[in-house]
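Here's the structure, in structure tokens; my notes come after.
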Amino acid sequence: MSRLAVVFEAPRRVAVVEEPAPSAAAGEVLVSASVSAISAGTELLIYRGEAPPDLAADATLPALAGTLRFPLRYGYAVVGEVVAAGAGVDSAWRGRRVFAFQPHHSRFACPPCDLLPIPEGIADDDAVFLPNVETAVNLLLDAHPRIGERAVVFGQGIVGLLTTALLAGLPLARLVTADLHARRRALSLELGAGESLDPSAPDFAERMTSTISGDGADLALELSGSPAALDQAVAATGFGGRVVIGSWYGRKPVSLDLGGRFHRSRIRLVPSQVSSLAPELSARWSKTRRLEVAWEMLRRLRPSRLVSHRLPLAAAARAYELLDRQQEESVQVLFEHPLPDL
């Protein structure tokens with residue numbers, strides 16, 4: 001029995017290798033993947049060679065041990081079915097649909113504690129968005145949006161769109177988004193934004209001021225992955241407002257204008273990263289509790305409607321090239337995995 005695996009070999013070079021599939025050792029299960037999702041933010045940084053090579057891939061996930069140095073295997077959103085159970089594992093695991101924080105492998109073995117059973121009523125194509133929805137939930141936990149506030153979201157990739165959808169469910173006074181691509185701006189409006197602007201337009205600053213009101217936003221979230229957008233977020237935020245930075249810029253330099261009005265405006269810059277919980281929340285919140293909320297939000301949002309492309313795992317090189325060069329067309333790419341040959 002073999003499996004397919006995606007390998008990042010060098011900047012803008014991706015291979016799909018066929019190799020022997022693992023078996024379920026004692027204390028493990030074997031999972032046959034049905035679908036996996038590309039994280040267009042982190043995986044594009046890796047694909048372009050813009051990720052810090054000596055940084056740990058993810059210190060919290062056993063499947064991503066090691067660094068971001070080429071060659072590497074990466075990915076953290078796979079849905080599949082348990083097809084075998086090793087010695088010492090409850091046979092009830094066999095046949096379960098599960099989510100796993102695993103690279104793009106068509107089959108993999110792991111302990112059951114590394115898997116999340118998918119709740120009834122959630123389709124595979126929705127379940128694979130769990131990390132994105134969890135990130136959006138974490139962003140709201142860090143942002144502390146309040147009733148009647150004026151909020152701006154920079155970047156309408158998948159995480160930005162899901163964050164917009166969650167914010168749209170709150171009693172905000174105004175919700176404005178910004179993205180370079182018309183298709184994403186249109187999706188943003190469908191998900192509840194009151195207006196969505198093009199940050200590259202010559203009159204963007206003036207339009208943002210008139211849309212959000214003259215004294216600025218109470219809350220801005222920078223989720224675009226573009227360092228230039230952080231300056232725009234600060235400029236759009238009013239006195240005493242908050243700028244939540246959810247983007248990871250990798251090795252891209254960030255030049256931030258902290259002169260002018262920044263200090264007098266007392267704007268707070270708030271980092272947000274899903275691998276941990278904010279210290280002020282940890283007494284009441286755990287990652288388990290956050291995941292429970294994420295599953296419920298995923299059930300409500302049904303994010304599979306945001307999928308723009310479905311490609312076979314064997315076409316991984318084409319998928320990353322598409323995300324890299326045709327961002328206007330690509331919103332979310334899913335890999336469809338080959339059926340098991342058990």
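All residue names refer to the structure tokens as shown: chains lettered A, B, ... in order, residues numbered from 1 in each chain, ligands numbered from 1 in order.
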
Select from stretch 120-234 of chain A every residue with an atom at most 12 Å from any atom of stretch 296-312 of chain A, then for each give the shortest pair of atoms and their distance in Å to one decimal, using only C-alpha atoms, rows by chain and rising number, as a tab-separated table.
residue	atom	partner	partner_atom	distance
A:Glu120	CA	A:Arg299	CA	10.0
A:Gly121	CA	A:Arg299	CA	8.0
A:Ile122	CA	A:Arg299	CA	6.4
A:Ala123	CA	A:Ser304	CA	8.8
A:Asp124	CA	A:Ser304	CA	9.0
A:Asp125	CA	A:Ser304	CA	5.6
A:Asp126	CA	A:Ser304	CA	5.0
A:Ala127	CA	A:Leu298	CA	7.4
A:Val128	CA	A:Ser304	CA	8.7
A:Phe129	CA	A:Pro303	CA	6.9
A:Leu130	CA	A:Leu298	CA	6.9
A:Pro131	CA	A:Leu298	CA	10.0
A:Asn132	CA	A:Leu298	CA	9.4
A:Val133	CA	A:Leu298	CA	6.4
A:Glu134	CA	A:Met297	CA	8.7
A:Thr135	CA	A:Met297	CA	11.4
A:Ala136	CA	A:Met297	CA	9.6
A:Val137	CA	A:Met297	CA	8.3
A:Asn138	CA	A:Met297	CA	11.9
A:Gln156	CA	A:Leu306	CA	11.3
A:Gly157	CA	A:Leu306	CA	9.9
A:Ile158	CA	A:Leu306	CA	7.8
A:Val159	CA	A:Pro303	CA	10.6
A:Gly160	CA	A:Leu306	CA	11.8
A:Leu161	CA	A:Leu306	CA	8.9
A:Leu162	CA	A:Pro303	CA	7.8
A:Thr163	CA	A:Leu301	CA	10.7
A:Thr164	CA	A:Leu301	CA	11.1
A:Ala165	CA	A:Leu301	CA	7.6
A:Leu166	CA	A:Met297	CA	8.0
A:Leu167	CA	A:Met297	CA	11.7
A:Ala168	CA	A:Leu301	CA	11.4
A:Gly169	CA	A:Leu301	CA	10.6
A:Arg183	CA	A:Ser308	CA	10.4
A:Arg184	CA	A:Leu306	CA	9.6
A:Ala186	CA	A:Leu306	CA	11.5
A:Leu187	CA	A:Leu306	CA	8.1
A:Ser188	CA	A:Leu306	CA	10.5
A:Glu190	CA	A:Leu306	CA	10.9
A:Leu191	CA	A:Leu301	CA	9.2
A:Gly192	CA	A:Leu301	CA	11.8

Checklist line | 7 Å contact set for stretch 79-96 of chain A, only C-alpha atoms, chain neighbours under 3 positions out, as a list in words | finding: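 Once the adjacent positions are removed, what remains is Ala24, Ala25, Ala26, Gly27, Glu28, Val29, Leu30, Val31, Ser32, Ala33, Ser34, Val35, Ser36, Phe99, Ala100, Pro117, Asp124 and Val128 of chain A.
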
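Residues in contact range of stretch 238-248 of chain A, defined as at most 6 Å between only C-alpha atoms, with sequence neighbours fewer than 6 positions away removed, read Asp215, Gly216, Ala217, Asp218, Leu219, Ala220, Leu221, Glu222, Leu223, Gly225, Ser265, Arg266, Ile267, Arg268, Leu269, Val270, Pro271 and Ser272 of chain A.
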
Next item on the list: Identify all residues of stretch 131-245 of chain A in alpha helix (DSSP H) (DSSP on the backbone) and supply them as an NGL selection string.
Entry: :A and (131-143 or 158-168 or 182-190 or 204-212 or 227-236)

Notebook entry, point to check: Can you tell me how far atom CA of A:Ala315 sits from atom CA of A:Glu336, in Å to one decimal?
Noted result: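 So the answer is 9.8 Å.
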
Margin query: Counting only C-alpha atoms, which residue out of A:Gln232, A:Asp198, A:Leu322, A:Gln102 sits closest to A:Asp179?
Written below: A:Asp198

Next item on the list: In Å, rounded to a single decimal, give me how far atom CA of A:Glu43 is from atom CA of A:Pro22.
Entry: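 Interatomic distance, atom CA of A:Pro22 to atom CA of A:Glu43: 24.5 Å.
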
Notebook entry, point to check: Where in stretch 136-287 of chain A does DSSP assign strand (DSSP E), given as a ChimeraX atom specification?
Noted result: /A:150-154,174-178,195-197,217-222,237-245,268-271

Item checked: Using only C-alpha atoms: which of A:Ala40, A:Asp324, A:Val254, A:Arg264 has the shortest distance to A:Pro11 -> A:Asp324

Next item on the list: Could you please determine the separation between atom CA of A:Arg174 and atom CA of A:Thr209 in Å, to one decimal place?
Entry: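 Pair atom CA of A:Arg174 / atom CA of A:Thr209 returns 12.5 Å.
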
Checklist line | Counting only C-alpha atoms, the option among A:Ala317, A:Leu230, A:Leu189, A:Ile118 closest to A:Val78 | finding: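 Ranking A:Ala317, A:Leu230, A:Leu189, A:Ile118 by distance to A:Val78, first place goes to A:Ile118.
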
Check: Which of these residues is nearest to A:Pro112, using only C-alpha atoms: A:Glu206, A:Ala316, A:Ala51, A:Val98?
Finding: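 So, comparing all the options, the nearest one is A:Val98.
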
Next item on the list: Would you mind listing what lies within 7 Å of A:Ala178 as a ChimeraX atom specification, with only C-alpha atoms counted and same-chain residues fewer than 4 positions away left out?
Entry: /A:153-155,196-199

Next item on the list: Excluding A:Arg69 and residues on its chain fewer than 5 positions from it, collect all residues at most 9 Å away from it, counting only C-alpha atoms, and give them as number ranges by chain.
Entry: A: 10, 46, 51-55, 57
